[in-house]
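Working notes, structure below.
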Amino acid sequence: QLQLVESGGGLVQPGGSLRLSCKLDDAFSLRRYHVGWFRQAPGKEREGISCISGTDGWTSYTDSVRGRFTISKENAKNTVYLQMNSLTTEETSVYYCAARSRFITSEQYKCLTKEEYSYWGQGTQVTVST
C-alpha cells in the first residue's frame with residue numbers, strides 16, 4: 001500500500017507564500033506515478049489544483065492557481081512539491097496529495113480528477129488569514 005505524507009501547511013497572511021511537500025513511501029518509485037494536489041474547504045467538494053507526471057515532469061493546473069502555484073518533483077527524494085504564492089483567504093483549506101499509477105499520455109487530462117486516484121495522504125491545513 002503506497003503511503004504519502006504531506007507537510008508544510010500552516011498559517012500565512014494574504015498575499016503570502018507556502019511550500020507544501022508530499023513524500024512517497026520509498027518502497028514505491030515516483031517515476032511510476034502521477035501525483036496530484038487537491039484541496040477541500042469546509043462544506044465544499046475536494047478540487048484538483050495541480051498534478052505532475054513522475055516520469056517526465058508533465059504538469060497541469062486548474063485555472064484559479066495557474067501562474068501563482070508551481071508543482072515540481074525531486075525523484076531522488078521521492079517527493080513532490082507545491083509552491084503557492086499570492087495566497088488569498090478563499091484558499092484556506094485542507095490540502096491533500098494523491099497518487100495513482102501513471103496515466104497513458106492520451107489520458108493525462110484526467111489528472112485533476114479526484115476519482116482517478118487510489119492513494120491519498122492525510123492532508124495538511126493551510127490557513128490564509130490576517
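How things are named: the first chain in the C-alpha cells is A, the next is B, and so on; residues count from 1 in each chain; ligands count from 1 in the order shown.
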
What are the DSSP strand (DSSP E or B) residues of chain A, as number ranges by chain?
A: 4-7, 10-12, 18-24, 33-40, 47-53, 59-61, 66, 69-74, 79-84, 93-101, 119-120, 124-128

Would you write out, as a Markdown table, a table of all residues in segment 41-71 of chain A that have an atom no more than 7 Å from an atom of segment 100-119 of chain A, listing for each the closest atom pair and the distance in Å to one decimal, considering only C-alpha atoms and ordering rows by chain and rising residue number?
```
| residue | atom | partner | partner_atom | distance |
| --- | --- | --- | --- | --- |
| A:Gly48 | CA | A:Leu112 | CA | 4.6 |
| A:Ile49 | CA | A:Leu112 | CA | 6.6 |
| A:Ser50 | CA | A:Leu112 | CA | 6.4 |
| A:Cys51 | CA | A:Cys111 | CA | 6.2 |
```

Same residues, all heavy atoms, output as a CSV table (one decimal), in the first residue's frame:
```
chain,number,residue,atom,x,y,z
A,48,GLY,N,-9.3,19.4,-7.6
A,48,GLY,CA,-7.9,19.2,-8.1
A,48,GLY,C,-7.3,20.6,-8.5
A,48,GLY,O,-7.9,21.4,-9.2
A,49,ILE,N,-6.1,20.8,-8.0
A,49,ILE,CA,-5.5,22.1,-8.3
A,49,ILE,C,-4.2,22.0,-9.2
A,49,ILE,O,-3.9,22.9,-10.0
A,49,ILE,CB,-5.2,22.9,-7.1
A,49,ILE,CG1,-4.4,22.1,-6.0
A,49,ILE,CG2,-6.5,23.4,-6.4
A,49,ILE,CD1,-4.0,22.9,-4.8
A,50,SER,N,-3.5,20.9,-9.0
A,50,SER,CA,-2.3,20.7,-9.9
A,50,SER,C,-1.9,19.2,-9.9
A,50,SER,O,-2.2,18.5,-8.9
A,50,SER,CB,-1.2,21.5,-9.4
A,50,SER,OG,-0.1,21.5,-10.2
A,51,CYS,N,-1.2,18.8,-10.9
A,51,CYS,CA,-0.7,17.4,-11.0
A,51,CYS,C,0.6,17.4,-11.8
A,51,CYS,O,0.9,18.3,-12.6
A,51,CYS,CB,-1.7,16.5,-11.5
A,51,CYS,SG,-2.3,16.9,-13.1
```

According to DSSP computed on the backbone, where in segment 42-94 of chain A is there helix (DSSP H, G or I)? Give the residues as a ChimeraX atom specification.
/A:75-77,89-91

Keeping only N, CA, C and O atoms, write the selected residues as an mmCIF file, in the first residue's frame.
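Output file again_3.cif follows:
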```cif
data_model
loop_
_atom_site.group_PDB
_atom_site.id
_atom_site.type_symbol
_atom_site.label_atom_id
_atom_site.label_comp_id
_atom_site.auth_asym_id
_atom_site.auth_seq_id
_atom_site.Cartn_x
_atom_site.Cartn_y
_atom_site.Cartn_z
ATOM 1 N N ASN A 75 12.892 13.418 -7.832
ATOM 2 C CA ASN A 75 12.806 11.959 -7.849
ATOM 3 C C ASN A 75 13.752 11.325 -6.833
ATOM 4 O O ASN A 75 13.409 10.307 -6.211
ATOM 5 N N ALA A 76 14.911 11.902 -6.639
ATOM 6 C CA ALA A 76 15.877 11.314 -5.701
ATOM 7 C C ALA A 76 15.329 11.263 -4.284
ATOM 8 O O ALA A 76 15.741 10.425 -3.470
ATOM 9 N N LYS A 77 14.404 12.179 -3.983
ATOM 10 C CA LYS A 77 13.802 12.209 -2.646
ATOM 11 C C LYS A 77 12.380 11.664 -2.653
ATOM 12 O O LYS A 77 11.700 11.722 -1.631
ATOM 13 N N THR A 89 -7.507 34.539 1.113
ATOM 14 C CA THR A 89 -8.241 33.938 2.226
ATOM 15 C C THR A 89 -9.157 32.813 1.755
ATOM 16 O O THR A 89 -9.415 31.863 2.512
ATOM 17 N N GLU A 90 -9.635 32.932 0.509
ATOM 18 C CA GLU A 90 -10.540 31.906 -0.029
ATOM 19 C C GLU A 90 -9.833 30.572 -0.245
ATOM 20 O O GLU A 90 -10.480 29.556 -0.506
ATOM 21 N N GLU A 91 -8.521 30.572 -0.157
ATOM 22 C CA GLU A 91 -7.758 29.338 -0.370
ATOM 23 C C GLU A 91 -7.450 28.594 0.923
ATOM 24 O O GLU A 91 -6.711 27.608 0.917
#
```

Env of segment 68-74 of chain A: 7 Å cut, atoms = only C-alpha atoms, seq-sep filter 2 positions within chain, self excluded. Answer as a PDB file with all heavy atoms, in the first residue's frame.
```
ATOM      1  N   SER A  50      -3.493  20.851  -9.046  1.00  0.00           N
ATOM      2  CA  SER A  50      -2.306  20.670  -9.873  1.00  0.00           C
ATOM      3  C   SER A  50      -1.895  19.209  -9.859  1.00  0.00           C
ATOM      4  O   SER A  50      -2.226  18.477  -8.926  1.00  0.00           O
ATOM      5  CB  SER A  50      -1.152  21.540  -9.361  1.00  0.00           C
ATOM      6  OG  SER A  50      -0.054  21.480 -10.242  1.00  0.00           O
ATOM      7  N   ILE A  52       1.323  16.281 -11.588  1.00  0.00           N
ATOM      8  CA  ILE A  52       2.601  16.131 -12.273  1.00  0.00           C
ATOM      9  C   ILE A  52       2.852  14.672 -12.585  1.00  0.00           C
ATOM     10  O   ILE A  52       2.477  13.784 -11.812  1.00  0.00           O
ATOM     11  CB  ILE A  52       3.740  16.724 -11.404  1.00  0.00           C
ATOM     12  CG1 ILE A  52       5.058  16.789 -12.171  1.00  0.00           C
ATOM     13  CG2 ILE A  52       3.911  15.934 -10.103  1.00  0.00           C
ATOM     14  CD1 ILE A  52       6.110  17.654 -11.472  1.00  0.00           C
ATOM     15  N   VAL A  65      -5.307  28.729 -10.119  1.00  0.00           N
ATOM     16  CA  VAL A  65      -3.976  28.783  -9.496  1.00  0.00           C
ATOM     17  C   VAL A  65      -2.857  28.955 -10.508  1.00  0.00           C
ATOM     18  O   VAL A  65      -1.710  29.213 -10.124  1.00  0.00           O
ATOM     19  CB  VAL A  65      -3.694  27.526  -8.630  1.00  0.00           C
ATOM     20  CG1 VAL A  65      -4.814  27.287  -7.650  1.00  0.00           C
ATOM     21  CG2 VAL A  65      -3.447  26.295  -9.495  1.00  0.00           C
ATOM     22  N   ARG A  66      -3.177  28.815 -11.795  1.00  0.00           N
ATOM     23  CA  ARG A  66      -2.134  28.898 -12.828  1.00  0.00           C
ATOM     24  C   ARG A  66      -1.451  30.268 -12.764  1.00  0.00           C
ATOM     25  O   ARG A  66      -2.092  31.296 -12.684  1.00  0.00           O
ATOM     26  CB  ARG A  66      -2.725  28.658 -14.203  1.00  0.00           C
ATOM     27  CG  ARG A  66      -1.670  28.507 -15.302  1.00  0.00           C
ATOM     28  CD  ARG A  66      -2.303  28.157 -16.649  1.00  0.00           C
ATOM     29  NE  ARG A  66      -2.906  26.832 -16.624  1.00  0.00           N
ATOM     30  CZ  ARG A  66      -4.213  26.616 -16.715  1.00  0.00           C
ATOM     31  NH1 ARG A  66      -5.034  27.632 -16.848  1.00  0.00           N
ATOM     32  NH2 ARG A  66      -4.689  25.386 -16.693  1.00  0.00           N
ATOM     33  N   ALA A  76      14.911  11.902  -6.639  1.00  0.00           N
ATOM     34  CA  ALA A  76      15.877  11.314  -5.701  1.00  0.00           C
ATOM     35  C   ALA A  76      15.329  11.263  -4.284  1.00  0.00           C
ATOM     36  O   ALA A  76      15.741  10.425  -3.470  1.00  0.00           O
ATOM     37  CB  ALA A  76      17.175  12.102  -5.744  1.00  0.00           C
ATOM     38  N   LYS A  77      14.404  12.179  -3.983  1.00  0.00           N
ATOM     39  CA  LYS A  77      13.802  12.209  -2.646  1.00  0.00           C
ATOM     40  C   LYS A  77      12.380  11.664  -2.653  1.00  0.00           C
ATOM     41  O   LYS A  77      11.700  11.722  -1.631  1.00  0.00           O
ATOM     42  CB  LYS A  77      13.796  13.640  -2.091  1.00  0.00           C
ATOM     43  CG  LYS A  77      15.186  14.189  -1.821  1.00  0.00           C
ATOM     44  CD  LYS A  77      15.124  15.536  -1.128  1.00  0.00           C
ATOM     45  CE  LYS A  77      16.530  16.027  -0.765  1.00  0.00           C
ATOM     46  NZ  LYS A  77      16.491  17.335  -0.060  1.00  0.00           N
ATOM     47  N   ASN A  78      11.940  11.192  -3.831  1.00  0.00           N
ATOM     48  CA  ASN A  78      10.580  10.631  -3.931  1.00  0.00           C
ATOM     49  C   ASN A  78       9.540  11.632  -3.426  1.00  0.00           C
ATOM     50  O   ASN A  78       8.571  11.254  -2.751  1.00  0.00           O
ATOM     51  CB  ASN A  78      10.473   9.320  -3.136  1.00  0.00           C
ATOM     52  CG  ASN A  78      10.068   8.145  -4.005  1.00  0.00           C
ATOM     53  OD1 ASN A  78      10.284   8.141  -5.207  1.00  0.00           O
ATOM     54  ND2 ASN A  78       9.454   7.151  -3.382  1.00  0.00           N
ATOM     55  N   THR A  79       9.729  12.879  -3.769  1.00  0.00           N
ATOM     56  CA  THR A  79       8.926  13.960  -3.198  1.00  0.00           C
ATOM     57  C   THR A  79       8.422  14.890  -4.292  1.00  0.00           C
ATOM     58  O   THR A  79       9.145  15.197  -5.251  1.00  0.00           O
ATOM     59  CB  THR A  79       9.757  14.750  -2.168  1.00  0.00           C
ATOM     60  OG1 THR A  79      10.165  13.864  -1.119  1.00  0.00           O
ATOM     61  CG2 THR A  79       8.936  15.890  -1.563  1.00  0.00           C
ATOM     62  N   VAL A  80       7.186  15.334  -4.111  1.00  0.00           N
ATOM     63  CA  VAL A  80       6.556  16.335  -4.974  1.00  0.00           C
ATOM     64  C   VAL A  80       6.272  17.567  -4.127  1.00  0.00           C
ATOM     65  O   VAL A  80       5.859  17.451  -2.967  1.00  0.00           O
ATOM     66  CB  VAL A  80       5.265  15.782  -5.592  1.00  0.00           C
ATOM     67  CG1 VAL A  80       4.494  16.871  -6.324  1.00  0.00           C
ATOM     68  CG2 VAL A  80       5.583  14.626  -6.546  1.00  0.00           C
ATOM     69  N   TYR A  81       6.487  18.727  -4.728  1.00  0.00           N
ATOM     70  CA  TYR A  81       6.294  19.992  -4.021  1.00  0.00           C
ATOM     71  C   TYR A  81       5.189  20.813  -4.686  1.00  0.00           C
ATOM     72  O   TYR A  81       4.943  20.684  -5.886  1.00  0.00           O
ATOM     73  CB  TYR A  81       7.585  20.808  -4.034  1.00  0.00           C
ATOM     74  CG  TYR A  81       8.769  20.076  -3.482  1.00  0.00           C
ATOM     75  CD1 TYR A  81       9.699  19.460  -4.327  1.00  0.00           C
ATOM     76  CD2 TYR A  81       8.979  19.986  -2.109  1.00  0.00           C
ATOM     77  CE1 TYR A  81      10.797  18.782  -3.828  1.00  0.00           C
ATOM     78  CE2 TYR A  81      10.078  19.307  -1.595  1.00  0.00           C
ATOM     79  CZ  TYR A  81      10.974  18.710  -2.457  1.00  0.00           C
ATOM     80  OH  TYR A  81      12.054  18.034  -1.948  1.00  0.00           O
ATOM     81  N   LEU A  82       4.577  21.678  -3.893  1.00  0.00           N
ATOM     82  CA  LEU A  82       3.648  22.660  -4.421  1.00  0.00           C
ATOM     83  C   LEU A  82       4.012  24.013  -3.818  1.00  0.00           C
ATOM     84  O   LEU A  82       3.801  24.229  -2.625  1.00  0.00           O
ATOM     85  CB  LEU A  82       2.200  22.305  -4.100  1.00  0.00           C
ATOM     86  CG  LEU A  82       1.168  23.227  -4.733  1.00  0.00           C
ATOM     87  CD1 LEU A  82       1.146  23.055  -6.257  1.00  0.00           C
ATOM     88  CD2 LEU A  82      -0.226  22.972  -4.158  1.00  0.00           C
ATOM     89  N   GLN A  83       4.587  24.871  -4.639  1.00  0.00           N
ATOM     90  CA  GLN A  83       4.899  26.231  -4.219  1.00  0.00           C
ATOM     91  C   GLN A  83       3.685  27.099  -4.475  1.00  0.00           C
ATOM     92  O   GLN A  83       3.207  27.183  -5.613  1.00  0.00           O
ATOM     93  CB  GLN A  83       6.101  26.772  -4.993  1.00  0.00           C
ATOM     94  CG  GLN A  83       6.445  28.210  -4.694  1.00  0.00           C
ATOM     95  CD  GLN A  83       6.962  28.414  -3.278  1.00  0.00           C
ATOM     96  OE1 GLN A  83       7.755  27.617  -2.785  1.00  0.00           O
ATOM     97  NE2 GLN A  83       6.509  29.475  -2.618  1.00  0.00           N
ATOM     98  N   MET A  84       3.175  27.733  -3.428  1.00  0.00           N
ATOM     99  CA  MET A  84       1.966  28.527  -3.527  1.00  0.00           C
ATOM    100  C   MET A  84       2.290  29.983  -3.192  1.00  0.00           C
ATOM    101  O   MET A  84       2.771  30.273  -2.097  1.00  0.00           O
ATOM    102  CB  MET A  84       0.904  27.997  -2.557  1.00  0.00           C
ATOM    103  CG  MET A  84       0.608  26.522  -2.731  1.00  0.00           C
ATOM    104  SD  MET A  84      -0.767  25.951  -1.715  1.00  0.00           S
ATOM    105  CE  MET A  84      -0.109  26.193  -0.067  1.00  0.00           C
ATOM    106  N   ASN A  85       2.052  30.858  -4.144  1.00  0.00           N
ATOM    107  CA  ASN A  85       2.309  32.286  -3.968  1.00  0.00           C
ATOM    108  C   ASN A  85       1.013  33.080  -4.062  1.00  0.00           C
ATOM    109  O   ASN A  85       0.020  32.605  -4.608  1.00  0.00           O
ATOM    110  CB  ASN A  85       3.294  32.779  -5.031  1.00  0.00           C
ATOM    111  CG  ASN A  85       4.635  32.086  -4.967  1.00  0.00           C
ATOM    112  OD1 ASN A  85       5.096  31.683  -3.892  1.00  0.00           O
ATOM    113  ND2 ASN A  85       5.284  31.942  -6.111  1.00  0.00           N
ATOM    114  N   SER A  86       1.049  34.295  -3.532  1.00  0.00           N
ATOM    115  CA  SER A  86      -0.101  35.210  -3.604  1.00  0.00           C
ATOM    116  C   SER A  86      -1.382  34.546  -3.111  1.00  0.00           C
ATOM    117  O   SER A  86      -2.433  34.632  -3.745  1.00  0.00           O
ATOM    118  CB  SER A  86      -0.288  35.707  -5.044  1.00  0.00           C
ATOM    119  OG  SER A  86       0.870  36.344  -5.518  1.00  0.00           O
TER     120      SER A  86
END
```

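Nearest to Trp58 of chain A of all the residues A:Gln13, A:Ser7, A:Thr124, A:Arg31 is A:Arg31, based on only C-alpha atoms.
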
Might you pull out every residue within 12 Å of Thr130 of chain A, with only C-alpha atoms counted and same-chain residues fewer than 4 positions away left off, and present them as a ChimeraX atom specification?
/A:11-16,87-89,92

Using the selection just defined, write its residues with N, CA, C and O atoms as a compact mmCIF listing (two decimals), in the first residue's frame.
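Below you can see part_10.txt, which holds the result:
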```txt
# COMPACT_ATOMS: atom_id res chain seq x y z
N LEU A 11 -0.16 28.69 8.91
CA LEU A 11 -0.87 29.98 8.84
C LEU A 11 -0.02 30.96 8.04
O LEU A 11 1.18 31.11 8.31
N VAL A 12 -0.65 31.64 7.10
CA VAL A 12 0.06 32.62 6.28
C VAL A 12 -0.88 33.81 6.04
O VAL A 12 -2.10 33.63 5.99
N GLN A 13 -0.30 34.97 5.90
CA GLN A 13 -1.12 36.16 5.64
C GLN A 13 -1.52 36.22 4.17
O GLN A 13 -0.84 35.65 3.30
N PRO A 14 -2.62 36.90 3.88
CA PRO A 14 -3.00 37.09 2.47
C PRO A 14 -1.85 37.70 1.67
O PRO A 14 -1.17 38.61 2.14
N GLY A 15 -1.63 37.16 0.48
CA GLY A 15 -0.51 37.59 -0.34
C GLY A 15 0.78 36.85 -0.07
O GLY A 15 1.77 37.02 -0.80
N GLY A 16 0.78 36.01 0.95
CA GLY A 16 1.97 35.28 1.32
C GLY A 16 2.16 33.99 0.55
O GLY A 16 1.38 33.68 -0.37
N LEU A 87 -1.29 33.93 -1.97
CA LEU A 87 -2.44 33.21 -1.43
C LEU A 87 -3.55 34.17 -0.98
O LEU A 87 -3.27 35.28 -0.51
N THR A 88 -4.76 33.72 -1.13
CA THR A 88 -5.93 34.51 -0.72
C THR A 88 -6.67 33.80 0.41
O THR A 88 -6.51 32.58 0.60
N THR A 89 -7.51 34.54 1.11
CA THR A 89 -8.24 33.94 2.23
C THR A 89 -9.16 32.81 1.76
O THR A 89 -9.42 31.86 2.51
N THR A 92 -8.03 29.05 2.00
CA THR A 92 -7.94 28.31 3.25
C THR A 92 -8.63 26.96 3.07
O THR A 92 -9.82 26.89 2.74
```

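When only C-alpha atoms are used to compute distances to Gly9 of chain A, the closest of the residues A:Trp120, A:Gly67, A:Val94, A:Pro42 turns out to be A:Val94.
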
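In this model, the gap between atom CA of Leu24 of chain A and atom CA of Gln3 of chain A comes to 6.1 Å.
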
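Among A:Ser53, A:Gln122, A:Gln1, A:Thr59, the residue with the shortest atom-to-atom distance to Tyr96 of chain A, counting only C-alpha atoms, is A:Gln122.
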
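The nearest approach to Ala99 of chain A among the residues A:Leu20, A:Ala41, A:Val126, A:Leu4, with only C-alpha atoms taken into account, belongs to A:Leu4.
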
Contacts of Glu47 of chain A at 7 Å (only C-alpha atoms; same-chain gap of 5+ positions) as a PyMOL selection string
chain A and resi 38-40
